[in-house]
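Notes follow the structure.
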Amino acid sequence: MPIELLGVVKSFSTFPTICIEQFRIADGERIALVGKSGSGKSTLLNLIAGIVTPTSGSVSVDGIDIGKLSEAKRDQFRAANIGYVFQTFNLIQGLTALENVLLAMGFAGKHKSPETRAKELLSRVGLENKLRHKPRELSVGEQQRVAIARAVANEPKILLADEPTANLDEQNTDIVLNLLNELSSSEPRILILVTHERDVAARLPRSIDLKSINKI
Ligand SMILES: Nc1ncnc2c1ncn2[C@@H]1O[C@H](COP(=O)(O)OP(=O)(O)O)[C@@H](O)[C@H]1O
Ligand SMILES: [Mg+2]
């Protein structure tokens, strides 16, 4: 499921934040996207996820221009194909770890026994004993792992992770990077990991500096 951006401009005000002539990510690629704070990394992920629509140009995923889809179709497309690990986790505070994963699975409706899969995934990220814990009863590293389990629950083709290790200590950074690398070696097929840390970027096969593609 390749991703292709063509002539993409995104402006929030007078000046564009993103201006990319052409950028293509092939199926199976795992890349680190690096760049300074405020350079547009999160905006680029949001464009790929269809959370932000371009001011002009096209973002195509598997040949489908996602900007041309209706909002409902775009939401459907995102639920089925894209996993997103947000920098601030965005877990729902009133729900348990298990319920957070199950809720995301409900939107896509891909699995016959979602509860079995959600429990399996949470054990894979080492949280088999914390299924009924709410986010505030979990450490930051554990919350990030719930967010990862949730992001891959629907077997997305594309996994996007926005600074997933920014709030973690060295040990948890290692755990999270191993998980993301491991989980994205089959499904999902594409991993885009945003980071401002060079040593984190070095853990992925390819690294791209946003500056080199963003002609603002
Ligand atoms: N929803 C928004 N409304 C207005 N400005 C925004 C919005 N999202 C991002 N921006 C602006 O776009 C620029 C890039 O932001 P962002 O993509 O978050 O950068 P990064 O993730 O690299 O730190 C910033 O100047 C930011 O203020
Ligand atoms: Mg950001």
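Please note that chains go A, B, ... in the order of the structure tokens, that every chain numbers its residues from 1, and that ligands are numbered from 1 in the order shown.
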### Task
Find the residues near ligand 1. Use a cut-off of 6 Å, count only C-alpha atoms and all ligand atoms, and write them as a count of residues only.
10
### Task
With a distance cut-off of 6 Å and only C-alpha atoms, select the neighbouring residues of stretch 103-112 of chain A, excluding the residue or stretch itself and same-chain residues fewer than 4 positions from it, and output the selection as JSON, numbers by chain.
{"A": [79, 80, 99]}
### Task
Name all residues at most 9 Å from A:Asp27 (count only C-alpha atoms; drop same-chain ones fewer than 4 positions away) and give them as number ranges by chain.
A: 1-3, 157, 189-190
### Message
Going by DSSP on the backbone, which residues of stretch 53-165 of chain A come out as strand (DSSP E or B)? List them as a list in words.
### Response
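The strand (DSSP E or B) residues within stretch 53-165 of chain A come out as Ser56, Gly57, Ser58, Val59, Ser60, Val61, Ile64, Asp65, Ile82, Gly83, Tyr84, Val85, Ile158, Leu159, Leu160, Ala161 and Asp162 of chain A.
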### Message
Let me make sure I understand: among A:Leu5, A:Ile158, A:Leu95, A:Ile18, which one has the smallest atom-to-atom distance to A:Ile66 if we use only C-alpha atoms?
### Response
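Smallest separation from A:Ile66 among the options: A:Leu5.
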### Message
Can you pull out every residue from stretch 30-120 of chain A that DSSP, working from the backbone, puts in helix (DSSP H, G or I), and format the result as a PyMOL selection string?
### Response
chain A and resi 41-49+66-68+71-81+97-108+114-120
Produce a file of the selected residues containing C-alpha atoms, as a compact mmCIF listing (two decimals), in the first residue's frame.
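See part-v4.txt below for the written result:
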```
# COMPACT_ATOMS: atom_id res chain seq x y z
CA LYS A 41 6.34 16.47 11.05
CA SER A 42 2.99 15.96 12.79
CA THR A 43 1.23 17.84 9.99
CA LEU A 44 2.76 15.46 7.45
CA LEU A 45 1.57 12.41 9.43
CA ASN A 46 -1.88 13.97 9.73
CA LEU A 47 -1.96 14.54 5.96
CA ILE A 48 -1.11 10.88 5.35
CA ALA A 49 -3.75 9.79 7.87
CA ILE A 66 -7.78 10.39 0.20
CA GLY A 67 -8.57 14.11 -0.09
CA LYS A 68 -11.24 13.24 -2.66
CA GLU A 71 -15.47 12.57 5.30
CA ALA A 72 -17.32 9.36 6.17
CA LYS A 73 -15.37 7.35 3.60
CA ARG A 74 -12.11 8.87 4.79
CA ASP A 75 -12.89 7.89 8.40
CA GLN A 76 -13.67 4.37 7.21
CA PHE A 77 -10.47 4.24 5.18
CA ARG A 78 -8.42 5.41 8.17
CA ALA A 79 -10.01 2.88 10.54
CA ALA A 80 -9.31 0.04 8.11
CA ASN A 81 -5.83 0.96 6.94
CA ALA A 97 -6.48 -0.75 28.62
CA LEU A 98 -8.58 -3.56 27.16
CA GLU A 99 -11.55 -1.28 26.47
CA ASN A 100 -9.32 1.30 24.76
CA VAL A 101 -8.11 -1.37 22.32
CA LEU A 102 -11.62 -2.82 21.85
CA LEU A 103 -13.11 0.58 21.09
CA ALA A 104 -10.70 1.10 18.20
CA MET A 105 -11.51 -2.37 16.90
CA GLY A 106 -15.24 -1.64 16.95
CA PHE A 107 -14.79 1.12 14.37
CA ALA A 108 -13.27 -1.25 11.82
CA PRO A 114 -12.11 -8.80 19.08
CA GLU A 115 -11.70 -9.53 22.78
CA THR A 116 -9.37 -12.48 22.14
CA ARG A 117 -7.24 -10.43 19.76
CA ALA A 118 -7.16 -7.39 22.06
CA LYS A 119 -5.98 -9.58 24.97
CA GLU A 120 -3.34 -11.24 22.79
```
Give me the stretch 32-149 of chain A side of the contact with stretch 198-216 of chain A, cut-off 7 Å, one line per residue showing its nearest atom pair and distance in Å at one decimal, counting only C-alpha atoms, sorted by chain and residue number, as a tab-separated table.
```
residue	atom	partner	partner_atom	distance
A:Ala32	CA	A:Ser207	CA	4.6
A:Leu33	CA	A:Ile208	CA	5.0
A:Val34	CA	A:Asp209	CA	4.8
A:Gly35	CA	A:Leu210	CA	5.5
```
### Residue with smallest distance to A:Ser186 - pool A:Leu159, A:Val85, A:Leu138, A:Val61, counting only C-alpha atoms
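Closest residue, counting only C-alpha atoms: A:Leu159.
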#### Entry: Gap from atom CA of A:Glu182 to atom CA of A:Leu131 - Å, one decimal
21.6 Å
### Task
For A:Ser58, please output as a list in words all residues within 12 Å (counting only C-alpha atoms; exclusion window: fewer than 5 positions along the same chain).
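Those residues are Ile3, Glu4, Leu5, Leu6, Gly7, Val8, Val9, Lys10, Cys19, Ile20, Glu21, Gln22, Phe23, Arg24, Leu47, Ile48, Gly50, Val52, Thr53, Gly63, Ile64, Asp65, Ile66, Gly67, Lys68 and Leu69 of chain A.
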### Task
Work out how far apart atom CA of A:Arg132 and atom CA of A:Asn90 are and give it in Å to one decimal.
17.5 Å
### Query
Contacts of A:Glu163 at 6 Å or less, counting only C-alpha atoms, minus same-chain residues fewer than 5 places along, as a PyMOL selection string?
chain A and resi 87+194-195
How about saving the chosen residues, C-alpha atoms kept, as an mmCIF file, in the first residue's frame?
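Written file, out21.cif:
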```cif
data_model
loop_
_atom_site.group_PDB
_atom_site.id
_atom_site.type_symbol
_atom_site.label_atom_id
_atom_site.label_comp_id
_atom_site.auth_asym_id
_atom_site.auth_seq_id
_atom_site.Cartn_x
_atom_site.Cartn_y
_atom_site.Cartn_z
ATOM 1 C CA GLN A 87 2.643 11.630 20.842
ATOM 2 C CA VAL A 194 8.641 10.725 13.677
ATOM 3 C CA THR A 195 11.488 11.641 15.944
#
```
### Message
From the options A:Pro164, A:Pro156, A:Gly141, A:Pro54, which residue's atoms come nearest to ligand 2, counting only C-alpha atoms and all ligand atoms?
### Response
A:Pro164
